[in-house]
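Structure record follows, encoded as structure tokens.
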Protein chains: 2
Amino acid sequence: MKRSAWVAVVLFAGVAGLVWQRTLPLGRTTISLLVTGGTVVTMDAAGSVVPDGAVAIDGTTIVAVGTAADLDARYQGRERVDARGQVIMPGLINTHTHAPMVLFRGLADDLALMDWLNQYIFPAEKATVSPEFVRVGTRLAVLEMIESGTTTYADMYYFEEEIAAATKAAGVRGVLGQTIIRFPVADAATPEEGLTRTEAFLARWANDPLIVPAVAPHAPYTLTPETLKAARTLADKYRAPLLIHLAETRDEVGIIAGQFKMSPAMFLDSLGLWGGRSLAAHAVWVDEADMKMLAARSVGLSHNPESNMKLASGTAPVTGWLSAGIPSGLGTDGAASNNDLDMFDAMRAAALLHKHATGDPRAMPAKQALELATRRGAAALGLGDRIGSLETGKLADIITVSMSSARQTPMFDPLSHLVYVTRGTDVRNTIVHGRVLMRQGRVISLNRSAVLQEAAAMADKVRAAVSRKEGQ
Amino acid sequence: MKRSAWVAVVLFAGVAGLVWQRTLPLGRTTISLLVTGGTVVTMDAAGSVVPDGAVAIDGTTIVAVGTAADLDARYQGRERVDARGQVIMPGLINTHTHAPMVLFRGLADDLALMDWLNQYIFPAEKATVSPEFVRVGTRLAVLEMIESGTTTYADMYYFEEEIAAATKAAGVRGVLGQTIIRFPVADAATPEEGLTRTEAFLARWANDPLIVPAVAPHAPYTLTPETLKAARTLADKYRAPLLIHLAETRDEVGIIAGQFKMSPAMFLDSLGLWGGRSLAAHAVWVDEADMKMLAARSVGLSHNPESNMKLASGTAPVTGWLSAGIPSGLGTDGAASNNDLDMFDAMRAAALLHKHATGDPRAMPAKQALELATRRGAAALGLGDRIGSLETGKLADIITVSMSSARQTPMFDPLSHLVYVTRGTDVRNTIVHGRVLMRQGRVISLNRSAVLQEAAAMADKVRAAVSRKEGQ
């Protein structure tokens, strides 16, 4: 044979070998987990949706997103999640809550804010908040999150080291902020003590794969300018995010204006608080100038539509946040003012509220509500490069959502269904950091009945605390 | 023995015999159904709640409500529903929907009203609405209602005789209105034809135990004064309720004011439309004078918070309706503008919306939202003496609702949980007219998979109709 003929034979053999490796099981690449058979709603920048799709995961990371046929041919998962008839999508991101407050849910509703706080929440917190309370409450909260498809949450509470430990043990991702406040609270008698606690917390949880420790000065009206500045300095020292409540009520605007002749957002800017990664919750009462400044400082904002409606706080101008280019996410707020942690409810409430508020049924379409709960929420938390969409190279935070109920029949558009007719109870599988935390509706990473029993026992203490106060 | 001693012996024996009969099974009264072991939220006028309670049903009627211990001692149910860990409550009453429109849910969202109607709903209706479509859609809708705890619904659509037949076959209670409208529609070329159809429908379904046939002139702006008057005359002739849309949008107010120099409510009053039992849906744009008049005429109003928000129709002044003494209920509206039939969602949306709208977190407390969905809704439909609460002598329309999810833990107050953290998926048993339609989550009165398959097949026709229109 001529030399060129030999070359042709070698080339043919090589190509045939490649094809062989691609198509036969033996040639498939072994990976840790293959989620397959559902409609993949990637929430990537292009809004790609893959019918009959799959996601390949190796270790903690997404290695491929594509059709089920293609990925089944290329990958052999050591573990496999069957998502036929379901949607496969990024885990939901709750950008603002107070996890242990699930133990106060429904304790008192339908009251004026000050009556609610003074007659119920403050006495209950004073009598019950302890490391044990926080641990029990967090376990209940993360159980609810895993069951309803939340894979990352941002938190502000006390004894945050207990929250971090319980969250990590359950396998959930958290941006967890130790609270600093002017008043004596369960875990600190003074704001100075709060700062000291916070520094220890930041040092302890630095570089954890699941937990991002954060500094959480409570709000502009509950801290002195000096403590607010100290909180920013501490956040800078540890390159940690700063979480804060901002402009939740009209009263807050009046208080800050009275003292400092500025809006809450501008007051905090004057202290340099927005000088590093920051996430502010609520921002109901922000004007055009505030929004322009917040966008320029890349401050993330968290919208909490159910809490804002239930407490009659007002309408956060979220369509304005988005036009201004502010990194914006969605949150449930604590369960005491919601009363659950279901991010599907939050999406639906946001979609309805902003149509109502703007008088325009085109406002906050389903896709935008989904973006707030996924890729935009990730960006608001400063995690946009790691989570919030199903794309090769991102961390494997994934949920699958059943679409087969009567309420979801027929399905013309998966995005519409996810926002308008789906709820947390439809979630079937929850995966965080490549680990399956719930499989086909059964939570694996927590002992469900133990968590519910502990919570019921702790609720008795809450009941006793409130009835003591009522008996006074 | 002395005579007095004999008397004592006889008395003792008599009393012992009575005690014997009360405590031994043989002495218990046999009834058809005992629902037992849950927290009974009666929704009676006093708001009675019975922890560890039970409801005794014989035939179609409630014969006793009390503690489980007492009713277990007195009654032997041929059938028994175990509701331990659950709430036992009246079935929910949806006072406004268009059942077959579940087949259009999520077909098109987030559009301006006229684009939505002209590009999607009207072409889809024109191409698909037929007796078969209505039958398939109604079966899907009542499946969803049974699964989510709705036991009575008020409807306005076409081919209402198909809706009545499918509803009765599934065992659900309905106040079902045959639509009359100015334009040619699927079941009538003219309003005269619509009136003729309606009369046949009223005659056919008179005195049915489950179905109340009704006259449904579409709205003040889609009918002439003559047809509206004819609808009232027909309703009077058959002593049937009249269902109508009223003052849903600001545009409607402008149209009626332009033609008749009156508000929609006053315009209809001037025609004598409120001269008999009437239920009007939406009533977003009613003023003080309208409300005073509607209260004087005992017109029932149906509030549809999710539809009003999604279509940006405005805020119905429901706290005003209630202050004026108007019989008021809650509805989902059709699934094309909601997008589901879950009355738990409707309660929650109402509670949140009216706090938000009034700026007062005390507005629309959980108990009031529950009343709208039960006893008040029954009264708005003119059925207040028969359904809407669990009381001896009322018809046995009862649901049981699970309270054991993480999201519902802990429980301090069942009323708060029913409104703020419960959804249709928590319903376990649904009973209408004494018949168990769903037992421990399994629907008995419909073949679930057949209903879902029929609906999926019909959805293909809807898809084809819309894509033809889009291709024009």
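Numbering starts fresh at 1 for the residues of each chain in the structure tokens, the chains themselves are lettered A, B, ... in the order given, and ligands are numbered from 1 as they appear.
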Considering only C-alpha atoms, return as a tab-separated table (two decimals) with C-alpha atoms, in the first residue's frame whatever protein or nucleic-acid residues lie within 9 Å of Met291 of chain A, sequence-local ones (same chain, fewer than 2 positions apart) excluded.
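Final output, out-v3.tsv:
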```tsv
chain	number	residue	atom	x	y	z
A	265	ALA	CA	-30.00	54.74	51.92
A	286	VAL	CA	-36.19	54.37	48.23
A	287	ASP	CA	-36.47	57.19	45.69
A	288	GLU	CA	-34.88	57.68	42.27
A	289	ALA	CA	-31.72	59.25	43.73
A	293	MET	CA	-26.69	55.60	44.13
A	294	LEU	CA	-27.40	51.97	45.15
A	295	ALA	CA	-26.87	50.85	41.54
A	296	ALA	CA	-23.58	52.78	41.35
A	320	GLY	CA	-37.48	50.75	39.42
A	321	TRP	CA	-34.67	48.72	41.05
A	324	ALA	CA	-31.73	51.30	37.62
A	325	GLY	CA	-29.59	48.16	37.23
A	326	ILE	CA	-29.56	47.16	40.90
```
>> What are the residues of chain B lining chain A at 6 Å or less? Count only C-alpha atoms, and put the answer as an MDAnalysis selection string.
In response: chainID B and resid 106:107 110:112 144 309:312 339:340 352 355:356 359:362 365 406:407 410 412 416 420:421 456
> What residues in segment 36-283 of chain A get the DSSP label alpha helix (DSSP H)? Please answer as a VMD selection string.
Replying inline: chain A and resid 68 to 74 113 to 115 122 to 128 131 to 148 160 to 170 191 to 205 225 to 237 250 to 260 264 to 270
Name all residues at most 9 Å from Lys394 of chain A (count only C-alpha atoms; drop same-chain ones fewer than 6 positions away) and give them as a tab-separated table (two decimals) with N, CA and C atoms, in the first residue's frame.
```
chain	number	residue	atom	x	y	z
A	60	THR	N	-18.84	18.50	42.94
A	60	THR	CA	-19.68	19.62	43.36
A	60	THR	C	-20.16	20.44	42.16
A	61	THR	N	-19.76	20.06	40.95
A	61	THR	CA	-19.85	20.98	39.81
A	61	THR	C	-20.64	20.41	38.64
A	62	ILE	N	-21.33	21.30	37.94
A	62	ILE	CA	-22.05	20.92	36.72
A	62	ILE	C	-21.01	20.76	35.60
A	63	VAL	N	-20.99	19.57	34.94
A	63	VAL	CA	-20.03	19.37	33.85
A	63	VAL	C	-20.69	19.44	32.48
A	385	ASP	N	-21.31	34.20	39.94
A	385	ASP	CA	-20.42	33.37	39.12
A	385	ASP	C	-20.44	31.91	39.56
A	386	ARG	N	-21.07	31.59	40.68
A	386	ARG	CA	-21.01	30.23	41.21
A	386	ARG	C	-22.35	29.51	41.18
A	387	ILE	N	-23.45	30.22	41.42
A	387	ILE	CA	-24.78	29.59	41.49
A	387	ILE	C	-25.81	30.44	40.74
A	388	GLY	N	-27.06	29.95	40.69
A	388	GLY	CA	-28.16	30.74	40.15
A	388	GLY	C	-28.60	30.33	38.75
```
>> When you look at Thr233 of chain A with a cut-off of 12 Å (counting only C-alpha atoms), what residues show up, excluding the ones that are within fewer than 2 positions of it in the same chain? I need them as a list in words.
In response: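 Everything that qualifies: Leu195, Thr198, Glu199, Val215, Pro217, Glu226, Thr227, Leu228, Lys229, Ala230, Ala231, Ala235, Asp236, Lys237, Tyr238, Arg239, Ala240, Pro241, Leu242, Leu271, Gly272, Leu273, Trp274, Gly275, Gly276 and Arg277 of chain A.
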Keeping N, CA and C atoms for every residue in the selection just given, could you write it to a file as a JSON list (two decimals), in the first residue's frame?
```json
[["chain", "number", "residue", "atom", "x", "y", "z"],
["A", 195, "LEU", "N", -20.05, 42.89, 67.97],
["A", 195, "LEU", "CA", -18.94, 42.98, 67.01],
["A", 195, "LEU", "C", -17.87, 41.92, 67.30],
["A", 198, "THR", "N", -19.15, 38.65, 66.22],
["A", 198, "THR", "CA", -19.15, 38.58, 64.77],
["A", 198, "THR", "C", -17.76, 38.27, 64.24],
["A", 199, "GLU", "N", -16.75, 38.90, 64.82],
["A", 199, "GLU", "CA", -15.38, 38.66, 64.34],
["A", 199, "GLU", "C", -15.00, 37.18, 64.55],
["A", 215, "VAL", "N", -21.46, 39.83, 58.10],
["A", 215, "VAL", "CA", -21.68, 40.81, 59.17],
["A", 215, "VAL", "C", -23.08, 41.38, 58.99],
["A", 217, "PRO", "N", -25.22, 44.17, 60.65],
["A", 217, "PRO", "CA", -25.76, 45.28, 61.43],
["A", 217, "PRO", "C", -27.27, 45.35, 61.16],
["A", 226, "GLU", "N", -21.30, 55.06, 64.62],
["A", 226, "GLU", "CA", -19.99, 54.47, 64.94],
["A", 226, "GLU", "C", -20.03, 52.95, 64.78],
["A", 227, "THR", "N", -21.10, 52.34, 65.31],
["A", 227, "THR", "CA", -21.18, 50.87, 65.19],
["A", 227, "THR", "C", -21.37, 50.46, 63.73],
["A", 228, "LEU", "N", -22.16, 51.22, 62.99],
["A", 228, "LEU", "CA", -22.36, 50.91, 61.57],
["A", 228, "LEU", "C", -21.01, 50.93, 60.84],
["A", 229, "LYS", "N", -20.19, 51.97, 61.14],
["A", 229, "LYS", "CA", -18.86, 52.05, 60.50],
["A", 229, "LYS", "C", -17.98, 50.88, 60.93],
["A", 230, "ALA", "N", -18.05, 50.52, 62.20],
["A", 230, "ALA", "CA", -17.24, 49.40, 62.70],
["A", 230, "ALA", "C", -17.63, 48.10, 62.01],
["A", 231, "ALA", "N", -18.95, 47.96, 61.72],
["A", 231, "ALA", "CA", -19.42, 46.76, 61.01],
["A", 231, "ALA", "C", -18.81, 46.69, 59.61],
["A", 235, "ALA", "N", -16.29, 43.84, 58.08],
["A", 235, "ALA", "CA", -16.60, 43.13, 56.83],
["A", 235, "ALA", "C", -15.42, 43.23, 55.87],
["A", 236, "ASP", "N", -14.82, 44.43, 55.78],
["A", 236, "ASP", "CA", -13.67, 44.61, 54.88],
["A", 236, "ASP", "C", -12.50, 43.74, 55.30],
["A", 237, "LYS", "N", -12.23, 43.70, 56.62],
["A", 237, "LYS", "CA", -11.10, 42.95, 57.14],
["A", 237, "LYS", "C", -11.18, 41.48, 56.73],
["A", 238, "TYR", "N", -12.39, 40.92, 56.76],
["A", 238, "TYR", "CA", -12.57, 39.49, 56.43],
["A", 238, "TYR", "C", -13.11, 39.28, 55.02],
["A", 239, "ARG", "N", -13.19, 40.37, 54.23],
["A", 239, "ARG", "CA", -13.77, 40.29, 52.87],
["A", 239, "ARG", "C", -15.10, 39.57, 52.91],
["A", 240, "ALA", "N", -15.91, 39.90, 53.91],
["A", 240, "ALA", "CA", -17.21, 39.24, 54.11],
["A", 240, "ALA", "C", -18.33, 40.15, 53.62],
["A", 241, "PRO", "N", -19.45, 39.56, 53.19],
["A", 241, "PRO", "CA", -20.59, 40.42, 52.84],
["A", 241, "PRO", "C", -21.20, 41.06, 54.08],
["A", 242, "LEU", "N", -21.87, 42.17, 53.86],
["A", 242, "LEU", "CA", -22.59, 42.86, 54.93],
["A", 242, "LEU", "C", -24.09, 42.80, 54.60],
["A", 271, "LEU", "N", -21.88, 57.08, 55.53],
["A", 271, "LEU", "CA", -20.99, 56.41, 56.48],
["A", 271, "LEU", "C", -20.03, 55.45, 55.77],
["A", 272, "GLY", "N", -20.16, 55.35, 54.45],
["A", 272, "GLY", "CA", -19.31, 54.43, 53.70],
["A", 272, "GLY", "C", -19.76, 52.99, 53.81],
["A", 273, "LEU", "N", -21.01, 52.79, 54.23],
["A", 273, "LEU", "CA", -21.46, 51.40, 54.46],
["A", 273, "LEU", "C", -21.51, 50.59, 53.18],
["A", 274, "TRP", "N", -21.73, 51.24, 52.06],
["A", 274, "TRP", "CA", -21.84, 50.52, 50.78],
["A", 274, "TRP", "C", -20.47, 50.36, 50.10],
["A", 275, "GLY", "N", -19.41, 50.53, 50.87],
["A", 275, "GLY", "CA", -18.05, 50.48, 50.30],
["A", 275, "GLY", "C", -17.58, 49.09, 49.92],
["A", 276, "GLY", "N", -18.31, 48.06, 50.26],
["A", 276, "GLY", "CA", -17.95, 46.68, 49.88],
["A", 276, "GLY", "C", -19.20, 45.89, 49.64],
["A", 277, "ARG", "N", -19.09, 44.59, 49.40],
["A", 277, "ARG", "CA", -20.24, 43.75, 49.07],
["A", 277, "ARG", "C", -21.33, 43.87, 50.14]]
```
>> Report as a ChimeraX atom specification all protein, DNA and RNA residues lying within 10 Å of Ile146 of chain A, evaluated on only C-alpha atoms, omitting residues in the same chain fewer than 5 positions from it.
In response: /A:91-92,141,151-152,170-172,399,424,427-432,437-438,441-446
Please dump the current selection as a PDB file, in the first residue's frame; keep N, CA and C atoms.
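Listing of out.pdb after writing:
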```
ATOM      1  N   GLY A  91     -31.591  25.547  41.977  1.00  0.00           N
ATOM      2  CA  GLY A  91     -32.191  25.696  43.303  1.00  0.00           C
ATOM      3  C   GLY A  91     -32.541  27.145  43.551  1.00  0.00           C
ATOM      4  N   LEU A  92     -33.592  27.374  44.339  1.00  0.00           N
ATOM      5  CA  LEU A  92     -34.050  28.742  44.594  1.00  0.00           C
ATOM      6  C   LEU A  92     -33.190  29.401  45.666  1.00  0.00           C
ATOM      7  N   ALA A 141     -36.181  25.040  59.830  1.00  0.00           N
ATOM      8  CA  ALA A 141     -36.188  25.935  58.660  1.00  0.00           C
ATOM      9  C   ALA A 141     -35.512  25.280  57.459  1.00  0.00           C
ATOM     10  N   THR A 151     -32.118  26.253  47.960  1.00  0.00           N
ATOM     11  CA  THR A 151     -30.800  25.642  48.141  1.00  0.00           C
ATOM     12  C   THR A 151     -29.784  26.596  48.752  1.00  0.00           C
ATOM     13  N   THR A 152     -30.060  27.908  48.676  1.00  0.00           N
ATOM     14  CA  THR A 152     -29.187  28.925  49.291  1.00  0.00           C
ATOM     15  C   THR A 152     -30.067  29.942  49.998  1.00  0.00           C
ATOM     16  N   ALA A 170     -27.020  20.011  57.410  1.00  0.00           N
ATOM     17  CA  ALA A 170     -28.137  19.626  56.541  1.00  0.00           C
ATOM     18  C   ALA A 170     -27.764  19.711  55.067  1.00  0.00           C
ATOM     19  N   GLY A 171     -26.590  20.298  54.770  1.00  0.00           N
ATOM     20  CA  GLY A 171     -26.103  20.347  53.394  1.00  0.00           C
ATOM     21  C   GLY A 171     -26.589  21.534  52.582  1.00  0.00           C
ATOM     22  N   VAL A 172     -27.186  22.531  53.250  1.00  0.00           N
ATOM     23  CA  VAL A 172     -27.739  23.695  52.547  1.00  0.00           C
ATOM     24  C   VAL A 172     -26.668  24.805  52.504  1.00  0.00           C
ATOM     25  N   ILE A 399     -32.788  21.685  41.584  1.00  0.00           N
ATOM     26  CA  ILE A 399     -34.009  21.038  42.062  1.00  0.00           C
ATOM     27  C   ILE A 399     -34.775  20.459  40.875  1.00  0.00           C
ATOM     28  N   GLY A 424     -44.026  24.928  46.714  1.00  0.00           N
ATOM     29  CA  GLY A 424     -42.916  24.150  47.252  1.00  0.00           C
ATOM     30  C   GLY A 424     -43.195  22.663  47.344  1.00  0.00           C
ATOM     31  N   VAL A 427     -41.833  20.164  44.692  1.00  0.00           N
ATOM     32  CA  VAL A 427     -40.403  19.828  44.545  1.00  0.00           C
ATOM     33  C   VAL A 427     -40.197  18.363  44.920  1.00  0.00           C
ATOM     34  N   ARG A 428     -39.429  17.633  44.087  1.00  0.00           N
ATOM     35  CA  ARG A 428     -39.218  16.202  44.325  1.00  0.00           C
ATOM     36  C   ARG A 428     -37.786  15.877  44.729  1.00  0.00           C
ATOM     37  N   ASN A 429     -36.808  16.566  44.101  1.00  0.00           N
ATOM     38  CA  ASN A 429     -35.400  16.317  44.403  1.00  0.00           C
ATOM     39  C   ASN A 429     -34.692  17.634  44.634  1.00  0.00           C
ATOM     40  N   THR A 430     -33.847  17.667  45.671  1.00  0.00           N
ATOM     41  CA  THR A 430     -33.081  18.867  45.977  1.00  0.00           C
ATOM     42  C   THR A 430     -31.610  18.481  46.117  1.00  0.00           C
ATOM     43  N   ILE A 431     -30.784  19.166  45.335  1.00  0.00           N
ATOM     44  CA  ILE A 431     -29.356  18.861  45.273  1.00  0.00           C
ATOM     45  C   ILE A 431     -28.598  20.141  45.584  1.00  0.00           C
ATOM     46  N   VAL A 432     -27.660  20.084  46.532  1.00  0.00           N
ATOM     47  CA  VAL A 432     -26.824  21.252  46.826  1.00  0.00           C
ATOM     48  C   VAL A 432     -25.361  20.815  46.799  1.00  0.00           C
ATOM     49  N   LEU A 437     -29.955  16.051  48.697  1.00  0.00           N
ATOM     50  CA  LEU A 437     -30.468  16.241  50.059  1.00  0.00           C
ATOM     51  C   LEU A 437     -31.884  15.693  50.189  1.00  0.00           C
ATOM     52  N   MET A 438     -32.639  15.721  49.090  1.00  0.00           N
ATOM     53  CA  MET A 438     -33.974  15.117  49.068  1.00  0.00           C
ATOM     54  C   MET A 438     -34.071  14.312  47.775  1.00  0.00           C
ATOM     55  N   GLY A 441     -38.845  13.171  47.005  1.00  0.00           N
ATOM     56  CA  GLY A 441     -39.719  13.611  48.094  1.00  0.00           C
ATOM     57  C   GLY A 441     -39.284  13.207  49.486  1.00  0.00           C
ATOM     58  N   ARG A 442     -38.208  12.429  49.597  1.00  0.00           N
ATOM     59  CA  ARG A 442     -37.752  11.974  50.925  1.00  0.00           C
ATOM     60  C   ARG A 442     -36.456  12.690  51.286  1.00  0.00           C
ATOM     61  N   VAL A 443     -36.496  13.459  52.396  1.00  0.00           N
ATOM     62  CA  VAL A 443     -35.299  14.197  52.818  1.00  0.00           C
ATOM     63  C   VAL A 443     -34.289  13.205  53.397  1.00  0.00           C
ATOM     64  N   ILE A 444     -33.053  13.311  52.921  1.00  0.00           N
ATOM     65  CA  ILE A 444     -32.000  12.371  53.312  1.00  0.00           C
ATOM     66  C   ILE A 444     -31.081  12.977  54.361  1.00  0.00           C
ATOM     67  N   SER A 445     -30.835  14.280  54.274  1.00  0.00           N
ATOM     68  CA  SER A 445     -29.771  14.872  55.084  1.00  0.00           C
ATOM     69  C   SER A 445     -30.226  15.285  56.480  1.00  0.00           C
ATOM     70  N   LEU A 446     -31.483  15.083  56.792  1.00  0.00           N
ATOM     71  CA  LEU A 446     -32.012  15.388  58.127  1.00  0.00           C
ATOM     72  C   LEU A 446     -32.962  14.270  58.531  1.00  0.00           C
TER      73      LEU A 446
END
```
>> With only C-alpha atoms as the counted atoms, please give the residues lying no more than 10 Å from Asp187 of chain A, apart from itself and same-chain residues fewer than 5 positions off, as a PyMOL selection string.
In response: chain A and resi 129-131+157-160+178-180+193-194+197
>> Would you compute the distance between atom CA of Ala166 of chain A and atom CA of Arg139 of chain A? Give it in Å to one decimal.
In response: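 These two atoms are separated by 6.1 Å.
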>> From a backbone DSSP assignment, name each residue in segment 14-148 of chain B labelled strand (DSSP E), as a ChimeraX atom specification.
In response: /B:29-41,49-58,61-67,75-82,86-90,92-97
> Hey, which of B:Ala219, B:Val35, B:Ala46, B:Ala280 ends up closest to Ile255 of chain B? Count only C-alpha atoms.
Replying inline: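 Checking each of B:Ala219, B:Val35, B:Ala46, B:Ala280 against Ile255 of chain B, counting only C-alpha atoms, the winner is B:Ala219.
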>> Report, in Å to a single decimal, how far apart atom CA of Ala373 of chain A and atom CA of Leu418 of chain B are.
In response: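 Calculated distance between atom CA of Leu418 of chain B and atom CA of Ala373 of chain A is 25.4 Å.
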